[in-house]
Amino acid sequence: MAKFASWWAHKRQADCALIHSNSDYGENLFWGSGKDWKPGDAVAAWAEEKDYYDHKKNTCTKNKDCLHYTQMIWKDSLKIGCAKVVCRSGDTLIACNYDPHGNVIGQKPF
């Protein structure tokens with residue numbers, strides 16, 4: 001998974017765009033201004049979305065994103081790999097991929 005995440009992050013290194021790979025893996029992307037961001041910073045940002053997830057209803061709060069969080073904690077994902085690149089702009093892109101992917105419609109993450 002780390003090799004795939006690295007391959008995709010390097011594909012986006014020129015523009016640092018938050019464009020998904022459209023693979024069959026789950027994927028979270030993080031952008032940060034400057035070069036000092038670490039994978040743990042990305043994970044912390046995604047984990048903050050927990051506040052917007054309603055497990056009982058299995059939905060995100062209206063007009064809020066929680067799909068990075070649910071992908072990150074998806075019960076069936078067995079493998080994860082992450083990669084960081086510093087883009088030409090000097091900003092940071094972090095990609096994490098999950099296998100198997102989560103966020104399956106109609107299923108709860110845990």
# chains A, B, ... in the order shown; residues from 1 in each chain; ligands from 1
>>> select_by_dssp(residues="chain A", states="strand (DSSP E)", output="JSON, numbers by chain")
{"A": [26, 27, 28, 29, 30, 31, 32, 53, 54, 59, 60, 79, 80, 81, 82, 83, 84, 85, 86, 92, 93, 94, 95, 96, 97, 98, 99]}
>>> residues_around(residues="Val104 (chain A)", least_positions_apart="4", cutoff="10 Å", atoms="only C-alpha atoms", output="PyMOL selection string")
chain A and resi 70-71+74+108-109
>>> closest_atom_pairs(of="region 17-47 of chain A", to="region 51-66 of chain A", cutoff="12 Å", atoms="only C-alpha atoms", output="Markdown table")
| residue | atom | partner | partner_atom | distance |
| --- | --- | --- | --- | --- |
| A:Asn28 | CA | A:Cys66 | CA | 11.3 |
| A:Ala45 | CA | A:Cys66 | CA | 10.7 |
| A:Trp46 | CA | A:Cys66 | CA | 7.9 |
| A:Ala47 | CA | A:Asp51 | CA | 8.6 |
>>> residues_around(residues="region 79-87 of chain A", least_positions_apart="6", cutoff="6 Å", atoms="only C-alpha atoms", output="number ranges by chain")
A: 1-2, 5-6, 13-14, 16, 35, 93-99
>>> write_last_selection(atoms="all heavy atoms", output="tab-separated table (two decimals), in the first residue's frame")
chain	number	residue	atom	x	y	z
A	1	MET	N	0.82	-1.19	0.00
A	1	MET	CA	0.00	0.00	0.00
A	1	MET	C	0.86	1.26	0.00
A	1	MET	O	0.51	2.24	-0.63
A	1	MET	CB	-0.93	0.01	1.22
A	1	MET	CG	-1.98	-1.07	1.24
A	1	MET	SD	-3.46	-0.84	0.22
A	1	MET	CE	-2.92	-0.41	-1.36
A	2	ALA	N	1.96	1.22	0.73
A	2	ALA	CA	2.85	2.38	0.78
A	2	ALA	C	3.42	2.70	-0.61
A	2	ALA	O	3.55	3.87	-0.98
A	2	ALA	CB	3.97	2.16	1.79
A	5	ALA	N	0.64	4.42	-2.54
A	5	ALA	CA	0.45	5.78	-2.03
A	5	ALA	C	1.59	6.69	-2.50
A	5	ALA	O	1.36	7.83	-2.90
A	5	ALA	CB	0.38	5.77	-0.50
A	6	SER	N	2.81	6.17	-2.49
A	6	SER	CA	3.96	6.95	-2.95
A	6	SER	C	3.86	7.25	-4.44
A	6	SER	O	4.12	8.37	-4.89
A	6	SER	CB	5.26	6.19	-2.65
A	6	SER	OG	6.37	6.91	-3.12
A	13	GLN	N	2.82	15.54	-7.43
A	13	GLN	CA	3.87	16.41	-6.90
A	13	GLN	C	4.00	17.72	-7.67
A	13	GLN	O	4.31	18.76	-7.09
A	13	GLN	CB	5.20	15.67	-6.88
A	13	GLN	CG	6.26	16.35	-6.05
A	13	GLN	CD	7.47	15.46	-5.82
A	13	GLN	OE1	7.68	14.47	-6.54
A	13	GLN	NE2	8.26	15.78	-4.84
A	14	ALA	N	3.74	17.71	-8.95
A	14	ALA	CA	3.89	18.92	-9.75
A	14	ALA	C	2.86	19.99	-9.39
A	14	ALA	O	3.17	21.18	-9.37
A	14	ALA	CB	3.78	18.58	-11.24
A	16	CYS	N	0.29	19.43	-6.64
A	16	CYS	CA	-0.18	19.28	-5.25
A	16	CYS	C	-1.71	19.27	-5.18
A	16	CYS	O	-2.29	19.61	-4.15
A	16	CYS	CB	0.39	20.39	-4.37
A	16	CYS	SG	0.94	19.82	-2.73
A	35	LYS	N	6.41	22.76	4.08
A	35	LYS	CA	6.99	21.41	3.95
A	35	LYS	C	7.09	20.63	5.25
A	35	LYS	O	7.56	19.50	5.26
A	35	LYS	CB	8.37	21.52	3.33
A	35	LYS	CG	9.35	22.29	4.19
A	35	LYS	CD	10.72	22.37	3.57
A	35	LYS	CE	11.62	23.15	4.53
A	35	LYS	NZ	12.98	23.17	4.15
A	93	LEU	N	1.84	17.28	0.31
A	93	LEU	CA	0.73	16.40	-0.01
A	93	LEU	C	0.99	15.06	0.66
A	93	LEU	O	2.09	14.51	0.54
A	93	LEU	CB	0.59	16.20	-1.52
A	93	LEU	CG	-0.51	15.24	-1.96
A	93	LEU	CD1	-1.89	15.86	-1.74
A	93	LEU	CD2	-0.34	14.85	-3.42
A	94	ILE	N	-0.01	14.57	1.39
A	94	ILE	CA	0.09	13.25	2.02
A	94	ILE	C	-1.06	12.41	1.51
A	94	ILE	O	-2.22	12.85	1.49
A	94	ILE	CB	0.04	13.36	3.56
A	94	ILE	CG1	1.26	14.15	4.05
A	94	ILE	CG2	-0.01	11.98	4.21
A	94	ILE	CD1	1.24	14.49	5.52
A	95	ALA	N	-0.74	11.20	1.05
A	95	ALA	CA	-1.74	10.26	0.56
A	95	ALA	C	-1.69	9.00	1.41
A	95	ALA	O	-0.61	8.49	1.70
A	95	ALA	CB	-1.47	9.90	-0.90
A	96	CYS	N	-2.86	8.52	1.82
A	96	CYS	CA	-2.96	7.23	2.49
A	96	CYS	C	-3.96	6.38	1.74
A	96	CYS	O	-5.04	6.86	1.36
A	96	CYS	CB	-3.42	7.39	3.94
A	96	CYS	SG	-2.19	8.14	5.03
A	97	ASN	N	-3.60	5.12	1.51
A	97	ASN	CA	-4.47	4.19	0.80
A	97	ASN	C	-4.79	3.00	1.71
A	97	ASN	O	-3.97	2.60	2.53
A	97	ASN	CB	-3.83	3.72	-0.50
A	97	ASN	CG	-3.76	4.85	-1.48
A	97	ASN	OD1	-2.78	5.57	-1.54
A	97	ASN	ND2	-4.83	5.05	-2.25
A	98	TYR	N	-6.00	2.46	1.52
A	98	TYR	CA	-6.55	1.43	2.39
A	98	TYR	C	-7.05	0.26	1.54
A	98	TYR	O	-7.68	0.47	0.51
A	98	TYR	CB	-7.73	1.98	3.19
A	98	TYR	CG	-7.40	3.23	3.97
A	98	TYR	CD1	-7.39	4.49	3.34
A	98	TYR	CD2	-7.11	3.19	5.32
A	98	TYR	CE1	-7.09	5.64	4.05
A	98	TYR	CE2	-6.81	4.34	6.03
A	98	TYR	CZ	-6.81	5.56	5.38
A	98	TYR	OH	-6.51	6.71	6.08
A	99	ASP	N	-6.78	-0.97	2.01
A	99	ASP	CA	-7.22	-2.16	1.30
A	99	ASP	C	-7.77	-3.17	2.30
A	99	ASP	O	-7.06	-3.51	3.25
A	99	ASP	CB	-6.04	-2.76	0.53
A	99	ASP	CG	-6.44	-3.92	-0.35
A	99	ASP	OD1	-7.59	-3.94	-0.85
A	99	ASP	OD2	-5.60	-4.82	-0.55
>>> decode(residues="region 79-103 of chain A", atoms="N, CA and C atoms", output="PDB file, in the first residue's frame")
ATOM      1  N   LYS A  79      -5.039  -3.353   5.318  1.00  0.00           N
ATOM      2  CA  LYS A  79      -3.731  -2.808   4.959  1.00  0.00           C
ATOM      3  C   LYS A  79      -3.850  -1.309   4.753  1.00  0.00           C
ATOM      4  N   ILE A  80      -2.801  -0.602   5.153  1.00  0.00           N
ATOM      5  CA  ILE A  80      -2.746   0.843   4.932  1.00  0.00           C
ATOM      6  C   ILE A  80      -1.315   1.208   4.562  1.00  0.00           C
ATOM      7  N   GLY A  81      -1.198   2.168   3.689  1.00  0.00           N
ATOM      8  CA  GLY A  81       0.108   2.704   3.329  1.00  0.00           C
ATOM      9  C   GLY A  81      -0.021   4.182   3.060  1.00  0.00           C
ATOM     10  N   CYS A  82       0.953   4.946   3.524  1.00  0.00           N
ATOM     11  CA  CYS A  82       0.926   6.395   3.361  1.00  0.00           C
ATOM     12  C   CYS A  82       2.236   6.883   2.757  1.00  0.00           C
ATOM     13  N   ALA A  83       2.160   8.055   2.147  1.00  0.00           N
ATOM     14  CA  ALA A  83       3.349   8.679   1.566  1.00  0.00           C
ATOM     15  C   ALA A  83       3.201  10.192   1.640  1.00  0.00           C
ATOM     16  N   LYS A  84       4.341  10.843   1.749  1.00  0.00           N
ATOM     17  CA  LYS A  84       4.388  12.308   1.794  1.00  0.00           C
ATOM     18  C   LYS A  84       5.310  12.796   0.691  1.00  0.00           C
ATOM     19  N   VAL A  85       4.889  13.856   0.013  1.00  0.00           N
ATOM     20  CA  VAL A  85       5.767  14.531  -0.942  1.00  0.00           C
ATOM     21  C   VAL A  85       5.707  16.034  -0.675  1.00  0.00           C
ATOM     22  N   VAL A  86       6.818  16.691  -0.929  1.00  0.00           N
ATOM     23  CA  VAL A  86       6.839  18.148  -0.957  1.00  0.00           C
ATOM     24  C   VAL A  86       6.704  18.538  -2.415  1.00  0.00           C
ATOM     25  N   CYS A  87       5.678  19.296  -2.714  1.00  0.00           N
ATOM     26  CA  CYS A  87       5.362  19.654  -4.092  1.00  0.00           C
ATOM     27  C   CYS A  87       6.271  20.780  -4.587  1.00  0.00           C
ATOM     28  N   ARG A  88       6.232  21.008  -5.880  1.00  0.00           N
ATOM     29  CA  ARG A  88       7.039  22.076  -6.479  1.00  0.00           C
ATOM     30  C   ARG A  88       6.740  23.429  -5.859  1.00  0.00           C
ATOM     31  N   SER A  89       5.514  23.597  -5.373  1.00  0.00           N
ATOM     32  CA  SER A  89       5.102  24.846  -4.733  1.00  0.00           C
ATOM     33  C   SER A  89       5.724  25.023  -3.356  1.00  0.00           C
ATOM     34  N   GLY A  90       6.305  23.927  -2.823  1.00  0.00           N
ATOM     35  CA  GLY A  90       6.851  23.953  -1.468  1.00  0.00           C
ATOM     36  C   GLY A  90       5.853  23.488  -0.422  1.00  0.00           C
ATOM     37  N   ASP A  91       4.640  23.160  -0.864  1.00  0.00           N
ATOM     38  CA  ASP A  91       3.612  22.663   0.047  1.00  0.00           C
ATOM     39  C   ASP A  91       3.680  21.142   0.135  1.00  0.00           C
ATOM     40  N   THR A  92       2.925  20.575   1.057  1.00  0.00           N
ATOM     41  CA  THR A  92       2.972  19.137   1.337  1.00  0.00           C
ATOM     42  C   THR A  92       1.684  18.447   0.906  1.00  0.00           C
ATOM     43  N   LEU A  93       1.842  17.279   0.307  1.00  0.00           N
ATOM     44  CA  LEU A  93       0.726  16.397  -0.008  1.00  0.00           C
ATOM     45  C   LEU A  93       0.991  15.059   0.663  1.00  0.00           C
ATOM     46  N   ILE A  94      -0.006  14.566   1.389  1.00  0.00           N
ATOM     47  CA  ILE A  94       0.088  13.254   2.024  1.00  0.00           C
ATOM     48  C   ILE A  94      -1.063  12.406   1.506  1.00  0.00           C
ATOM     49  N   ALA A  95      -0.738  11.201   1.051  1.00  0.00           N
ATOM     50  CA  ALA A  95      -1.739  10.258   0.559  1.00  0.00           C
ATOM     51  C   ALA A  95      -1.688   9.000   1.410  1.00  0.00           C
ATOM     52  N   CYS A  96      -2.856   8.519   1.816  1.00  0.00           N
ATOM     53  CA  CYS A  96      -2.961   7.227   2.489  1.00  0.00           C
ATOM     54  C   CYS A  96      -3.961   6.376   1.735  1.00  0.00           C
ATOM     55  N   ASN A  97      -3.602   5.117   1.505  1.00  0.00           N
ATOM     56  CA  ASN A  97      -4.474   4.186   0.803  1.00  0.00           C
ATOM     57  C   ASN A  97      -4.794   3.001   1.706  1.00  0.00           C
ATOM     58  N   TYR A  98      -6.001   2.464   1.523  1.00  0.00           N
ATOM     59  CA  TYR A  98      -6.548   1.426   2.390  1.00  0.00           C
ATOM     60  C   TYR A  98      -7.049   0.262   1.543  1.00  0.00           C
ATOM     61  N   ASP A  99      -6.779  -0.966   2.011  1.00  0.00           N
ATOM     62  CA  ASP A  99      -7.216  -2.159   1.296  1.00  0.00           C
ATOM     63  C   ASP A  99      -7.767  -3.168   2.297  1.00  0.00           C
ATOM     64  N   PRO A 100      -9.000  -3.643   2.062  1.00  0.00           N
ATOM     65  CA  PRO A 100      -9.937  -3.147   1.070  1.00  0.00           C
ATOM     66  C   PRO A 100     -10.476  -1.771   1.447  1.00  0.00           C
ATOM     67  N   HIS A 101     -11.036  -1.104   0.455  1.00  0.00           N
ATOM     68  CA  HIS A 101     -11.561   0.243   0.675  1.00  0.00           C
ATOM     69  C   HIS A 101     -12.760   0.199   1.612  1.00  0.00           C
ATOM     70  N   GLY A 102     -13.012   1.329   2.236  1.00  0.00           N
ATOM     71  CA  GLY A 102     -14.175   1.479   3.109  1.00  0.00           C
ATOM     72  C   GLY A 102     -15.225   2.340   2.441  1.00  0.00           C
ATOM     73  N   ASN A 103     -16.047   2.968   3.278  1.00  0.00           N
ATOM     74  CA  ASN A 103     -17.119   3.841   2.813  1.00  0.00           C
ATOM     75  C   ASN A 103     -18.024   3.142   1.801  1.00  0.00           C
TER      76      ASN A 103
END
